[in-house]
Amino acid sequence: MRGAVLHAPGDVRVENRDDPRIELPTDAVIRLSATCVCGSDLWPYRGIQTVDGPTPMGHEYVGIVEETGRDVTGVRPGQFVVGSFFASDNTCEICRSGYQSGCVHRVPVGELGAQAEYLRVPLADGTLVATPEVPSADLVPGYLAASDVLGTGWFAAVAAQVGPGKTVAVVGDGAVGLLGVLAAKQLGAERIIAMSRHTDRQKLALEFGATDVVTERGDDGVTRIKDLTGGYGAHCVIEAVGTQESMMQAVRSTRRGGHVGYVGVAHDVTLPGMEMFFSQVHLHGGPAPVRRFLPELMALIADRTIDPGKVFDLRLPLEEAAEGYRAMDERRAIKTLLTV
């Protein structure tokens with residue numbers, strides 16, 4: 001099969017890879033309908049996160065079940081399925097508490113490389129959720145977003161305690177931040193402040209439900225949030241970047257007693273203990289337990305209540321994955337969908 005492989009920073013190639021096969025009785029093999037490039041894929045692409053030799057890429061996926069192991073009972077060949085970026089058994093104590101991304105048997109799908117024609121999905125019964133029927137083509141991007149960025153933005157909003165009457169600030173205008181805006185809207189936030197310097201992303205944020213846009217960042221961004229909230233700061237802040245600047249901007253934009261939901265993959269982030277102590281800000285986040293939210297999110301997509309697939313502003317065939325990476329790296333695209 002064909003699949004994207006990162007050989008070195010900036011060097012993505014689509015090449016022949018071994019076809020996946022059933023290795024364990026709990027596996028499934030799916031034929032990908034679509035996959036995509038994630039903002040977190042840019043960390044190794046830029047050389048910030050090191051990779052050891054040629055590395056299959058991709059962890060977001062939807063497709064048709066081709067084959068299942070003998071112990072798989074929850075999905076069957078021919079079904080269209082969505083899975084999360086961590087395979088999980090969905091039965092261990094951690095999974096049952098709603099944190100499937102922390103499953104004691106979890107398998108990172110990124111290690112298997114979902115930017116490809118086929119994918120082996122471990123722990124298929126606990127990982128994959130099937131739609132009632134194979135969806136129309138226009139719904140596929142929305143389901144693909146649910147595999148990671150929608151579920152991650154939704155978890156960020158839940159972790160930040162977003163709800164009716166709340167003011168929410170969103171730090172980060174990539175796909176996760178934009179879908180954090182959508183999630184905040186769906187969860188009933190009264191005011192949603194998108195922090196963005198890019199006109200195309202501001203437009204989509206407003207379409208998803210933002211009520212205000214702040215172009216400043218860092219200390220200036222914090223000051224602007226305070227100005228918009230009577231000096232208090234936001235009740236809820238979503239952090240969707242993963243840098244020192246974005247984390248501190250999020251914390252300092254939050255009012256005392258408020259909540260930060262952080263889902264940006266942290267790189268060299270340290271928290272000043274004394275400032276955190278006196279901030280009285282709640283912090284919760286990490287790898288999103290996407291599997292917890294998939295049934296609800298897939299239902300909202302199916303009945304067209306939400307259209308998270310709008311974050312895909314560039315669509316390319318799998319063979320042109322390298323251009324998809326370049327476009328996102330150069331901020332010419334919010335998120336690249338790869339057709340298979």
# chains A, B, ... in the order shown; residues from 1 in each chain; ligands from 1

call {"tool": "closest_atom_pairs", "arguments": {"of": "stretch 261-316 of chain A", "to": "stretch 21-37 of chain A", "cutoff": "12 Å", "atoms": "only C-alpha atoms", "output": "tab-separated table"}}
result
residue	atom	partner	partner_atom	distance
A:Gly309	CA	A:Cys36	CA	11.3
A:Val311	CA	A:Cys36	CA	11.2
A:Phe312	CA	A:Cys36	CA	8.8
A:Asp313	CA	A:Cys36	CA	11.4
A:Leu314	CA	A:Cys36	CA	9.9
A:Arg315	CA	A:Cys36	CA	8.9
A:Leu316	CA	A:Cys36	CA	9.3

call {"tool": "residues_around", "arguments": {"residues": "A:Met276", "least_positions_apart": "2", "cutoff": "12 Å", "atoms": "only C-alpha atoms", "output": "ChimeraX atom specification"}}
result
/A:247-248,250-252,254,256-257,260,270-274,278-283

call {"tool": "atom_distance", "arguments": {"atom1": "atom CA of A:Glu111", "atom2": "atom CA of A:Pro308"}}
result
25.5 Å

call {"tool": "select_by_dssp", "arguments": {"residues": "stretch 45-286 of chain A", "states": "alpha helix (DSSP H)", "output": "ChimeraX atom specification"}}
result
/A:45,93-96,124-127,140-146,149-159,175-186,199-208,218-228,244-252,273-279

call {"tool": "residues_around", "arguments": {"residues": "stretch 155-167 of chain A", "least_positions_apart": "2", "cutoff": "10 Å", "atoms": "only C-alpha atoms", "output": "PyMOL selection string"}}
result
chain A and resi 149-153+169-170+176-177+179-193+211+228-229+233-240+254+258-264+282-290+292-293

call {"tool": "residues_around", "arguments": {"residues": "A:Cys95", "least_positions_apart": "5", "cutoff": "10 Å", "atoms": "only C-alpha atoms", "output": "PDB file with C-alpha atoms, in the first residue's frame"}}
result
ATOM      1  CA  SER A  88      -8.198   1.733  23.863  1.00  0.00           C
ATOM      2  CA  ASP A  89      -9.987  -1.292  25.263  1.00  0.00           C
ATOM      3  CA  ASN A  90     -12.781   0.938  26.665  1.00  0.00           C
ATOM      4  CA  GLN A 100      -9.700   6.320  27.214  1.00  0.00           C
ATOM      5  CA  SER A 101      -6.569   8.174  26.076  1.00  0.00           C
ATOM      6  CA  GLY A 102      -5.035   6.961  29.342  1.00  0.00           C
ATOM      7  CA  CYS A 103      -6.154   3.338  28.885  1.00  0.00           C
ATOM      8  CA  VAL A 104      -3.783   0.899  30.557  1.00  0.00           C
ATOM      9  CA  HIS A 105      -3.597  -0.990  27.250  1.00  0.00           C
ATOM     10  CA  ARG A 106      -3.577   2.031  24.943  1.00  0.00           C
ATOM     11  CA  GLY A 126     -13.015  -0.337  22.233  1.00  0.00           C
ATOM     12  CA  PRO A 289     -10.199  11.058  25.457  1.00  0.00           C
ATOM     13  CA  ARG A 291     -13.507   7.954  22.365  1.00  0.00           C
ATOM     14  CA  ARG A 292     -15.637   9.311  25.251  1.00  0.00           C
TER      15      ARG A 292
END

call {"tool": "residues_around", "arguments": {"residues": "A:Met195", "least_positions_apart": "4", "cutoff": "12 Å", "atoms": "only C-alpha atoms", "output": "VMD selection string"}}
result
chain A and resid 168 to 174 177 to 178 180 to 181 199 201 to 203 205 to 206 210 to 218 220 to 222 224 to 225 237 to 241 246 249 to 250 253

call {"tool": "closest_atom_pairs", "arguments": {"of": "stretch 58-122 of chain A", "to": "stretch 327-338 of chain A", "cutoff": "12 Å", "atoms": "only C-alpha atoms", "output": "CSV"}}
result
residue,atom,partner,partner_atom,distance
A:Gly58,CA,A:Leu338,CA,10.6
A:Glu60,CA,A:Leu337,CA,10.0
A:Tyr61,CA,A:Leu338,CA,10.0
A:Val62,CA,A:Leu338,CA,11.3
A:Ala114,CA,A:Leu338,CA,10.6
A:Gln115,CA,A:Leu338,CA,7.8
A:Ala116,CA,A:Leu338,CA,9.2
A:Glu117,CA,A:Leu338,CA,10.3

call {"tool": "atom_distance", "arguments": {"atom1": "atom CA of A:Asp268", "atom2": "atom CA of A:Thr50"}}
result
13.8 Å

call {"tool": "residues_around", "arguments": {"residues": "A:Gly3", "least_positions_apart": "3", "cutoff": "12 Å", "atoms": "only C-alpha atoms", "output": "ChimeraX atom specification"}}
result
/A:6,12-20,32,35-36,54-58,112-119,317-322,338-340

call {"tool": "atom_distance", "arguments": {"atom1": "atom CA of A:Ala8", "atom2": "atom CA of A:Gly53"}}
result
7.6 Å

call {"tool": "select_by_dssp", "arguments": {"residues": "stretch 58-90 of chain A", "states": "strand (DSSP E)", "output": "PyMOL selection string"}}
result
chain A and resi 61-68+80-83+86-87

call {"tool": "write_last_selection", "arguments": {"atoms": "C-alpha atoms", "output": "tab-separated table (two decimals), in the first residue's frame"}}
result
chain	number	residue	atom	x	y	z
A	61	TYR	CA	-8.74	8.26	10.18
A	62	VAL	CA	-12.12	7.12	8.95
A	63	GLY	CA	-12.87	4.25	6.66
A	64	ILE	CA	-14.51	0.93	5.84
A	65	VAL	CA	-13.80	-2.18	7.86
A	66	GLU	CA	-12.09	-4.76	5.64
A	67	GLU	CA	-11.29	-7.54	8.10
A	68	THR	CA	-11.59	-8.24	11.83
A	80	PHE	CA	-17.94	2.86	8.03
A	81	VAL	CA	-16.07	3.60	11.25
A	82	VAL	CA	-14.41	6.45	13.11
A	83	GLY	CA	-11.61	5.89	15.61
A	86	PHE	CA	-5.26	6.27	20.88
A	87	ALA	CA	-6.60	2.75	20.56

call {"tool": "closest_residue", "arguments": {"among": "A:Gly39, A:Gly110, A:Arg2, A:Arg326", "to": "A:Gly242", "atoms": "only C-alpha atoms"}}
result
A:Gly39
